[in-house]
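Asker: Could you have a look at this structure, given as structure tokens, before my questions?
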Amino acid sequence: MAAKKEIQTAYKSRLQDVYDKQVVPQLMKQFGYKSLMQVPKLKKIVISMGCKDALVDGKAMDKAVDELWQIAGQKPIVTLAKKAIAAFKLKEKSPIGCVVTLRKHMMYDFADRLVNIALPRVKDFRGLNPRKFDGSGNYAFGLKEQIVFAEINYDKIDKIRGMNIVFVTSAKTNEEAQALLALFNFPFSK
């Protein structure tokens, strides 16, 4: 008797499937790439949240970390002040924010939720600014409220906090990166 092979199916995000089946062929055609390795891809997403209230209230940082954990699905790291600034009443090594870096399927899941659920919930949203690329193919923007994410319970938040989101790509130019993100249905303003 022949032994049956077990087929293991690895988890694959919906957005990652879109990248493999639709984005790669379109980018190869648009930019004339000869190899799959030349096609730009998302490397990571970095989400950071500042918390100036942590200087006064010790529990404010715990709440910010918990909210970012709910949004990203991964535990954030607390960032500490590098030097003391007397004007801001800031001591060296005091907690001032939190950051999380998403890679692989977590990254694709977050990008999918951001584009399809969170951004349409932003009040007076007119699209993402297409001029926010850094020249190396990375895109950064900020959100003013964490409540646009469905994971956050509106009744349990103590304060509205903003966050910065950076999409790091392997693209060499802004044009390639914008084409990549546009094929992921990023709502860039005209």
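Scheme for the structure tokens: letters A, B, ... for chains in order shown; per-chain residue numbers from 1; ligand numbers from 1 in order shown.
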Write out as an MDAnalysis selection string each polymer residue whose atoms come within 8 Å of Phe149 in chain A, counting only C-alpha atoms; drop sequence neighbours fewer than 4 positions from it.
Answerer: chainID A and resid 71 114 117:118
Asker: Would you kindly return, as a VMD selection string, each protein, DNA or RNA residue with an atom no farther than 9 Å from any atom of Leu68 in chain A, considering only C-alpha atoms and excluding same-chain residues fewer than 5 positions away?
Answerer: chain A and resid 47 to 49 63 73 to 76 98 to 100 146
Asker: For each of A:Phe167, A:Phe110, A:Tyr11, A:Tyr19, take the minimum atom-to-atom distance to Lys132 in chain A, counting only C-alpha atoms, then give the residue where this is smallest.
Answerer: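 Of A:Phe167, A:Phe110, A:Tyr11, A:Tyr19, the one nearest Lys132 in chain A is A:Phe167, counting only C-alpha atoms.
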Asker: Residues of range 106-161 of chain A that have any atom at most 10 Å from an atom of range 180-186 of chain A: could you tabulate them with the shortest-distance atom pair and the distance in Å to one decimal, using only C-alpha atoms, ordered by chain and increasing number, as a tab-separated table?
Answerer:
```
residue	atom	partner	partner_atom	distance
A:Ala111	CA	A:Phe184	CA	8.7
A:Asp112	CA	A:Phe184	CA	8.3
A:Leu114	CA	A:Phe186	CA	9.2
A:Val115	CA	A:Phe186	CA	6.1
A:Asn116	CA	A:Asn185	CA	8.5
A:Leu119	CA	A:Phe186	CA	9.3
A:Gly127	CA	A:Phe186	CA	8.5
A:Leu128	CA	A:Phe186	CA	7.7
A:Gly137	CA	A:Leu180	CA	9.7
A:Tyr139	CA	A:Leu181	CA	9.1
```
Asker: Restricting it to C-alpha atoms, dump the selection as a tab-separated table (two decimals), in the first residue's frame.
Answerer:
```
chain	number	residue	atom	x	y	z
A	111	ALA	CA	-2.98	46.33	4.65
A	112	ASP	CA	-6.21	44.63	3.54
A	114	LEU	CA	-6.64	49.30	6.36
A	115	VAL	CA	-7.66	49.82	2.72
A	116	ASN	CA	-11.05	48.11	2.80
A	119	LEU	CA	-9.78	54.23	5.46
A	127	GLY	CA	-7.83	59.96	-0.59
A	128	LEU	CA	-4.20	59.41	0.31
A	137	GLY	CA	9.83	53.64	-2.84
A	139	TYR	CA	5.14	55.46	1.59
```
Asker: Looking only at the backbone, which of the residues in range 29-70 of chain A does DSSP tag as strand (DSSP E or B), as an MDAnalysis selection string?
Answerer: chainID A and resid 42:50
Asker: Now that the selection is made, can you save its residues with C-alpha atoms as a short mmCIF file (atom, residue, chain, number, x, y, z; two decimals), in the first residue's frame?
Answerer:
```
data_model
loop_
_atom_site.label_atom_id
_atom_site.label_comp_id
_atom_site.auth_asym_id
_atom_site.auth_seq_id
_atom_site.Cartn_x
_atom_site.Cartn_y
_atom_site.Cartn_z
CA LEU A 42 5.88 44.95 0.26
CA LYS A 43 8.69 44.24 2.74
CA LYS A 44 7.12 45.44 5.98
CA ILE A 45 4.65 47.84 7.56
CA VAL A 46 5.71 49.92 10.56
CA ILE A 47 2.99 51.40 12.78
CA SER A 48 3.99 53.84 15.50
CA MET A 49 1.94 55.69 18.09
CA GLY A 50 3.22 58.50 20.29
#
```
Asker: I'd like to know which of A:Pro40, A:Pro95, A:Pro120, A:Gly58 is closest to Asn138 in chain A, using only C-alpha atoms.
Answerer: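 The closest residue to Asn138 in chain A is A:Pro40.
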Asker: Check chain A with DSSP on the backbone and list each residue it calls alpha helix (DSSP H), as a PDB file with C-alpha atoms, in the first residue's frame.
Answerer:
```
ATOM      1  CA  ARG A  14      -6.306  37.463   0.385  1.00  0.00           C
ATOM      2  CA  LEU A  15      -4.092  40.430  -0.491  1.00  0.00           C
ATOM      3  CA  GLN A  16      -1.056  38.171  -0.906  1.00  0.00           C
ATOM      4  CA  ASP A  17      -3.061  36.061  -3.335  1.00  0.00           C
ATOM      5  CA  VAL A  18      -4.001  39.223  -5.262  1.00  0.00           C
ATOM      6  CA  VAL A  24       2.961  40.698 -10.453  1.00  0.00           C
ATOM      7  CA  PRO A  25       1.831  40.161 -14.074  1.00  0.00           C
ATOM      8  CA  GLN A  26       0.587  43.749 -14.387  1.00  0.00           C
ATOM      9  CA  LEU A  27       3.805  45.244 -12.987  1.00  0.00           C
ATOM     10  CA  MET A  28       5.942  43.003 -15.221  1.00  0.00           C
ATOM     11  CA  LYS A  29       3.998  44.219 -18.244  1.00  0.00           C
ATOM     12  CA  GLN A  30       3.924  47.890 -17.181  1.00  0.00           C
ATOM     13  CA  PHE A  31       7.632  48.237 -16.315  1.00  0.00           C
ATOM     14  CA  GLY A  58       1.655  55.727  33.810  1.00  0.00           C
ATOM     15  CA  LYS A  59      -1.404  53.785  32.650  1.00  0.00           C
ATOM     16  CA  ALA A  60      -1.732  55.815  29.437  1.00  0.00           C
ATOM     17  CA  MET A  61       1.161  53.902  27.860  1.00  0.00           C
ATOM     18  CA  ASP A  62      -0.443  50.574  28.772  1.00  0.00           C
ATOM     19  CA  LYS A  63      -3.683  51.671  27.080  1.00  0.00           C
ATOM     20  CA  ALA A  64      -1.822  52.858  23.962  1.00  0.00           C
ATOM     21  CA  VAL A  65       0.089  49.553  23.756  1.00  0.00           C
ATOM     22  CA  ASP A  66      -3.137  47.584  24.185  1.00  0.00           C
ATOM     23  CA  GLU A  67      -4.911  49.547  21.433  1.00  0.00           C
ATOM     24  CA  LEU A  68      -1.998  49.189  19.007  1.00  0.00           C
ATOM     25  CA  TRP A  69      -1.872  45.470  19.826  1.00  0.00           C
ATOM     26  CA  GLN A  70      -5.564  45.142  18.924  1.00  0.00           C
ATOM     27  CA  ILE A  71      -5.090  47.066  15.676  1.00  0.00           C
ATOM     28  CA  ALA A  72      -1.948  45.268  14.491  1.00  0.00           C
ATOM     29  CA  LYS A 104       4.572  38.383   5.874  1.00  0.00           C
ATOM     30  CA  HIS A 105       0.896  37.414   6.322  1.00  0.00           C
ATOM     31  CA  MET A 106       0.330  39.827   9.243  1.00  0.00           C
ATOM     32  CA  MET A 107       1.460  42.671   6.966  1.00  0.00           C
ATOM     33  CA  TYR A 108      -0.903  41.669   4.150  1.00  0.00           C
ATOM     34  CA  ASP A 109      -3.824  41.206   6.559  1.00  0.00           C
ATOM     35  CA  PHE A 110      -3.282  44.663   8.071  1.00  0.00           C
ATOM     36  CA  ALA A 111      -2.980  46.327   4.647  1.00  0.00           C
ATOM     37  CA  ASP A 112      -6.205  44.635   3.540  1.00  0.00           C
ATOM     38  CA  ARG A 113      -8.093  45.800   6.657  1.00  0.00           C
ATOM     39  CA  ASN A 174       8.361  56.327  -6.310  1.00  0.00           C
ATOM     40  CA  GLU A 175       6.593  55.521  -9.583  1.00  0.00           C
ATOM     41  CA  GLU A 176       7.082  51.769  -9.095  1.00  0.00           C
ATOM     42  CA  ALA A 177       5.960  51.955  -5.456  1.00  0.00           C
ATOM     43  CA  GLN A 178       2.866  53.985  -6.321  1.00  0.00           C
ATOM     44  CA  ALA A 179       1.951  51.502  -9.068  1.00  0.00           C
ATOM     45  CA  LEU A 180       2.351  48.628  -6.578  1.00  0.00           C
ATOM     46  CA  LEU A 181       0.170  50.260  -3.922  1.00  0.00           C
ATOM     47  CA  ALA A 182      -2.404  51.402  -6.497  1.00  0.00           C
ATOM     48  CA  LEU A 183      -2.804  47.789  -7.632  1.00  0.00           C
TER      49      LEU A 183
END
```
Asker: How far is it from CA of Gly162 in chain A to CA of Glu145 in chain A, in Å with one decimal?
Answerer: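 Result for CA of Gly162 in chain A versus CA of Glu145 in chain A: 4.9 Å, one decimal.
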Asker: Please compute the CA of Ala140 in chain A-CA of Arg121 in chain A distance, one decimal, in Å.
Answerer: 18.9 Å
Asker: Work out how far CA of Val23 in chain A is from CA of Phe133 in chain A, in Å to one decimal.
Answerer: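 Computing the Euclidean distance for CA of Phe133 in chain A and CA of Val23 in chain A yields 19.6 Å.
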Asker: Nearest residue to Lys52 in chain A out of A:Asn153, A:Gly142, A:Asp134, A:Arg161, using only C-alpha atoms?
Answerer: A:Arg161
